[in-house]
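Asks: Following this message is one structure expressed as structure tokens.
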Amino acid sequence: MEKLVIQPAFWKGRRVLVTGHTGFKGGWLSLWLQTMGAEVIGYALPPATQPNLFEIARVGQKMESILADIRDANWLHAAFSTHQPEVVFHLAAQAEMLPAYSRPVETYSTNVMGTVNVLEAVRQNQGVRAVVVVTSDKCYENRESRHAYREGDSLGGADPYSSSKGCAELVTAAYRSSFFKPVDHAKHGTAIATARAGNAIGGGDWSANRLIPDAIRAFVDKRPLQVRHPAAIRPWQHVLEPLAGYLMLAEQLVQQGASFADAWNFGPSDENAPSVEQLLDALGSLWGDGTTWEHDRNAHPHEAQQLRLDASKAISMLHWQPRWSLGSALRMTVAWHHAHLRGEDMAAVSSLQINRYCRATSNVVMA
């Protein structure tokens with residue numbers, strides 16, 4: 001197969017709807033699409049934190065931004081009808097594990113019925129050629145082993161968040177089989193895939209109960225970070241890594257259709273899946289200024305201790321490949337937040353980091 005790369009010319013002038021554009025991953029994806037000249041439409045609730053990437057990096061300045069709930073089917077259908085997107089990236093979600101324990105109904109209604117609403121809007125509006133539904137690495141039935149999960153492994157979840165992501169995968173598979181069958185692609189013209197990524201890190205994430213944002217808040221306040229599970233293993237990767245995979249996947253869904261309408265993992269190499277303790281030591285060394293952390297031995301809700309992804313399918317078929325080491329990902333994260341603390345133009349800083357990633361990777365053809 002010919003080597004696949006992100007083609008900026010493919011995106012120039014193309015109508016793209018991003019749900020969750022006010023969030024961390026959705027914000028970075030919207031900025032990247034803007035740099036390639038796409039006509040970006042965002043649909044999401046207002047930013048969930050203060051501060052946030054959406055406002056600080058002026059994500060909404062060069063796109064159509066619709067602030068509405070993914071659970072509101074009427075508003076969502078109106079957005080599709082008005083803007084007629086060709087490509088849809090569905091990232092809107094309740095994206096935190098711990099809040100899902102206290103707000104399970106919100107988690108399921110957002111992550112499951114929100115996905116239903118998006119796919120139903122696609123079904124009722126002609127012209128959508130590609131849909132990438134972003135779920136999570138936590139959609140798998142986690143057996144707490146060193147096994148790296150592959151796309152054919154069982155879905156499941158021992159907590160509401162993980163379960164809701166497994167449900168979103170099942171919903172997408174059902175819609176694909178019922179209404180967008182790959183064998184009938186020539187008739188309906190729509191290809192739908194799901195994407196499961198590792199733990200994305202990078203500048204502009206201020207979410208609660210996430211390791212890197214919690215650490216940076218503690219570092220800025222010069223207080224010890226309280227760590228729930230220092231021995232836990234996670235597939236860490238810079239946010240631009242899975243986003244590159246989503247973009248490459250969407251291009252192939254449009255250009256090749258049925259052969260790419262499937263589930264895909266985008267995770268780091270095994271050496272970029274260290275323990276929380278190892279990650280924090282590396283992050284603290286880069287941040288400097290006496291950073292410390294402590295093991296929080298209080299009782300906490302269940303969280304998986306081992307989680308790894310096997311991305312060999314994306315590597316072999318999409319020719320996607322992680323290009324930044326964990327050290328590079330941490331350096332980019334620290335550099336972004338140091339620039340923010342210095343009062344720099346964070347839209348420009350973010351664009352420079354996207355450009356740096358593009359120049360460092362063979363996943364992207366520069367315009």
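As shown in the structure tokens, the chain order sets the letters A, B, ...; within each chain, residues go from 1, and ligands are also counted from 1 in the order they appear.
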Output as a tab-separated table one row per residue of region 60-165 of chain A within 8 Å of region 252-259 of chain A: the closest atom pair and its distance in Å to one decimal place, counting only C-alpha atoms, sorted by chain and residue number ascending.
Replies:
```
residue	atom	partner	partner_atom	distance
A:Arg129	CA	A:Val254	CA	5.8
A:Ala130	CA	A:Leu253	CA	5.5
A:Val131	CA	A:Leu253	CA	7.9
```
Asks: Taking 5 positions as the minimum chain separation for residues in the same chain, which residues sit within 8 Å of region 23-38 of chain A when counting only C-alpha atoms? Answer as a list in words.
Replies: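 Answer for this query is Pro8, Ala9, Trp11, Lys12, Gly13, Arg14, Arg15, Val16, Val18, Pro47, Ala48, Asn52, Leu53, Phe54, Val59, Lys62, Met63, Leu91, Ala92, Ala200, Gly204, Asp205, Val239, Leu240, Leu243, Ser351 and Ile354 of chain A.
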Asks: Give me, as a list of chain:residue names, the residues of region 122-168 of chain A that a backbone DSSP run labels strand (DSSP E or B).
Replies: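 Matching residues, listed in order: A:Ala130, A:Val131, A:Val132, A:Val133, A:Val134, A:Tyr140, A:Tyr149, A:Leu155.
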Asks: For region 195-237 of chain A versus region 309-323 of chain A, which residues have an atom no more than 10 Å away, and what is each residue's nearest atom pair and distance in Å rounded to one decimal, using only C-alpha atoms, chain-then-number order, as a tab-separated table?
Replies:
```
residue	atom	partner	partner_atom	distance
A:Arg196	CA	A:Leu309	CA	8.7
A:Ala197	CA	A:Leu309	CA	8.0
A:Gly198	CA	A:Leu309	CA	7.1
A:Arg234	CA	A:Leu309	CA	9.1
A:Pro235	CA	A:Leu309	CA	6.9
A:Gln237	CA	A:Pro322	CA	8.2
```
Asks: For the residues in the current selection, export all heavy atoms as an mmCIF file, in the first residue's frame.
Replies:
```
data_model
loop_
_atom_site.group_PDB
_atom_site.id
_atom_site.type_symbol
_atom_site.label_atom_id
_atom_site.label_comp_id
_atom_site.auth_asym_id
_atom_site.auth_seq_id
_atom_site.Cartn_x
_atom_site.Cartn_y
_atom_site.Cartn_z
ATOM 1 N N ARG A 196 -9.757 4.822 19.526
ATOM 2 C CA ARG A 196 -9.469 4.609 20.940
ATOM 3 C C ARG A 196 -8.020 5.013 21.182
ATOM 4 O O ARG A 196 -7.104 4.389 20.647
ATOM 5 C CB ARG A 196 -9.670 3.134 21.295
ATOM 6 C CG ARG A 196 -11.042 2.599 20.866
ATOM 7 C CD ARG A 196 -11.055 1.102 20.674
ATOM 8 N NE ARG A 196 -12.375 0.628 20.255
ATOM 9 C CZ ARG A 196 -12.654 -0.650 19.974
ATOM 10 N NH1 ARG A 196 -11.697 -1.564 20.041
ATOM 11 N NH2 ARG A 196 -13.869 -0.998 19.602
ATOM 12 N N ALA A 197 -7.824 6.052 21.965
ATOM 13 C CA ALA A 197 -6.482 6.608 22.145
ATOM 14 C C ALA A 197 -6.000 6.409 23.565
ATOM 15 O O ALA A 197 -6.771 6.119 24.479
ATOM 16 C CB ALA A 197 -6.473 8.082 21.787
ATOM 17 N N GLY A 198 -4.701 6.604 23.735
ATOM 18 C CA GLY A 198 -4.107 6.548 25.057
ATOM 19 C C GLY A 198 -4.368 7.820 25.846
ATOM 20 O O GLY A 198 -5.166 8.674 25.443
ATOM 21 N N ARG A 234 -0.044 3.647 32.433
ATOM 22 C CA ARG A 234 -0.939 4.221 31.445
ATOM 23 C C ARG A 234 -0.188 4.462 30.126
ATOM 24 O O ARG A 234 1.018 4.710 30.135
ATOM 25 C CB ARG A 234 -1.514 5.564 31.938
ATOM 26 C CG ARG A 234 -2.442 5.457 33.129
ATOM 27 C CD ARG A 234 -3.765 4.823 32.755
ATOM 28 N NE ARG A 234 -4.690 4.795 33.877
ATOM 29 C CZ ARG A 234 -4.770 3.840 34.770
ATOM 30 N NH1 ARG A 234 -3.928 2.819 34.704
ATOM 31 N NH2 ARG A 234 -5.653 3.889 35.741
ATOM 32 N N PRO A 235 -0.919 4.423 28.984
ATOM 33 C CA PRO A 235 -0.283 4.712 27.681
ATOM 34 C C PRO A 235 -0.258 6.215 27.410
ATOM 35 O O PRO A 235 -1.140 6.771 26.764
ATOM 36 C CB PRO A 235 -1.192 3.969 26.692
ATOM 37 C CG PRO A 235 -2.542 3.979 27.335
ATOM 38 C CD PRO A 235 -2.307 3.952 28.832
ATOM 39 N N GLN A 237 0.710 9.813 25.802
ATOM 40 C CA GLN A 237 1.123 10.330 24.506
ATOM 41 C C GLN A 237 0.697 11.790 24.386
ATOM 42 O O GLN A 237 -0.302 12.205 24.980
ATOM 43 C CB GLN A 237 0.501 9.517 23.369
ATOM 44 C CG GLN A 237 -1.007 9.475 23.395
ATOM 45 C CD GLN A 237 -1.620 8.507 22.386
ATOM 46 O OE1 GLN A 237 -2.739 8.077 22.544
ATOM 47 N NE2 GLN A 237 -0.903 8.167 21.339
#
```
Asks: With only C-alpha atoms as the counted atoms, please give the residues lying no more than 12 Å from Glu120 (chain A), apart from itself and same-chain residues fewer than 3 positions off, as a list in words.
Replies: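 Using only C-alpha atoms, the neighbours found are Ile70, Arg71, Ala73, Asn74, Leu76, His77, Phe80, Met113, Gly114, Thr115, Val116, Asn117, Arg123, Gln124, Asn125, Gln126, Val128, Val131, Val171, Thr172, Ala174, Tyr175, Arg176, Ser178, Phe179 and Phe180 of chain A.
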Asks: Just write the chosen residues, C-alpha atoms, as a PDB file, in the first residue's frame.
Replies:
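Here's the written file selection_12.pdb:
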```pdb
ATOM      1  CA  ILE A  70     -24.910  17.056  22.646  1.00  0.00           C
ATOM      2  CA  ARG A  71     -27.934  15.561  24.403  1.00  0.00           C
ATOM      3  CA  ALA A  73     -31.095  16.244  19.527  1.00  0.00           C
ATOM      4  CA  ASN A  74     -33.062  19.149  18.026  1.00  0.00           C
ATOM      5  CA  LEU A  76     -27.754  19.070  16.975  1.00  0.00           C
ATOM      6  CA  HIS A  77     -29.936  18.240  13.985  1.00  0.00           C
ATOM      7  CA  PHE A  80     -26.129  19.505  10.766  1.00  0.00           C
ATOM      8  CA  MET A 113     -27.171   9.029  24.002  1.00  0.00           C
ATOM      9  CA  GLY A 114     -24.917  11.839  22.817  1.00  0.00           C
ATOM     10  CA  THR A 115     -23.322   9.361  20.414  1.00  0.00           C
ATOM     11  CA  VAL A 116     -26.765   8.147  19.340  1.00  0.00           C
ATOM     12  CA  ASN A 117     -27.779  11.752  18.632  1.00  0.00           C
ATOM     13  CA  ARG A 123     -28.381   9.380   9.229  1.00  0.00           C
ATOM     14  CA  GLN A 124     -30.956  12.118   8.643  1.00  0.00           C
ATOM     15  CA  ASN A 125     -28.661  14.544   6.819  1.00  0.00           C
ATOM     16  CA  GLN A 126     -27.216  13.710   3.415  1.00  0.00           C
ATOM     17  CA  VAL A 128     -21.646  13.354   5.562  1.00  0.00           C
ATOM     18  CA  VAL A 131     -17.473  10.066  10.861  1.00  0.00           C
ATOM     19  CA  VAL A 171     -23.820   2.009  19.522  1.00  0.00           C
ATOM     20  CA  THR A 172     -21.488   3.021  16.701  1.00  0.00           C
ATOM     21  CA  ALA A 174     -24.844  -1.047  15.524  1.00  0.00           C
ATOM     22  CA  TYR A 175     -25.453   2.110  13.476  1.00  0.00           C
ATOM     23  CA  ARG A 176     -22.723   1.106  11.042  1.00  0.00           C
ATOM     24  CA  SER A 178     -27.792  -1.207  10.396  1.00  0.00           C
ATOM     25  CA  PHE A 179     -27.644   2.022   8.399  1.00  0.00           C
ATOM     26  CA  PHE A 180     -24.127   2.471   6.975  1.00  0.00           C
TER      27      PHE A 180
END
```
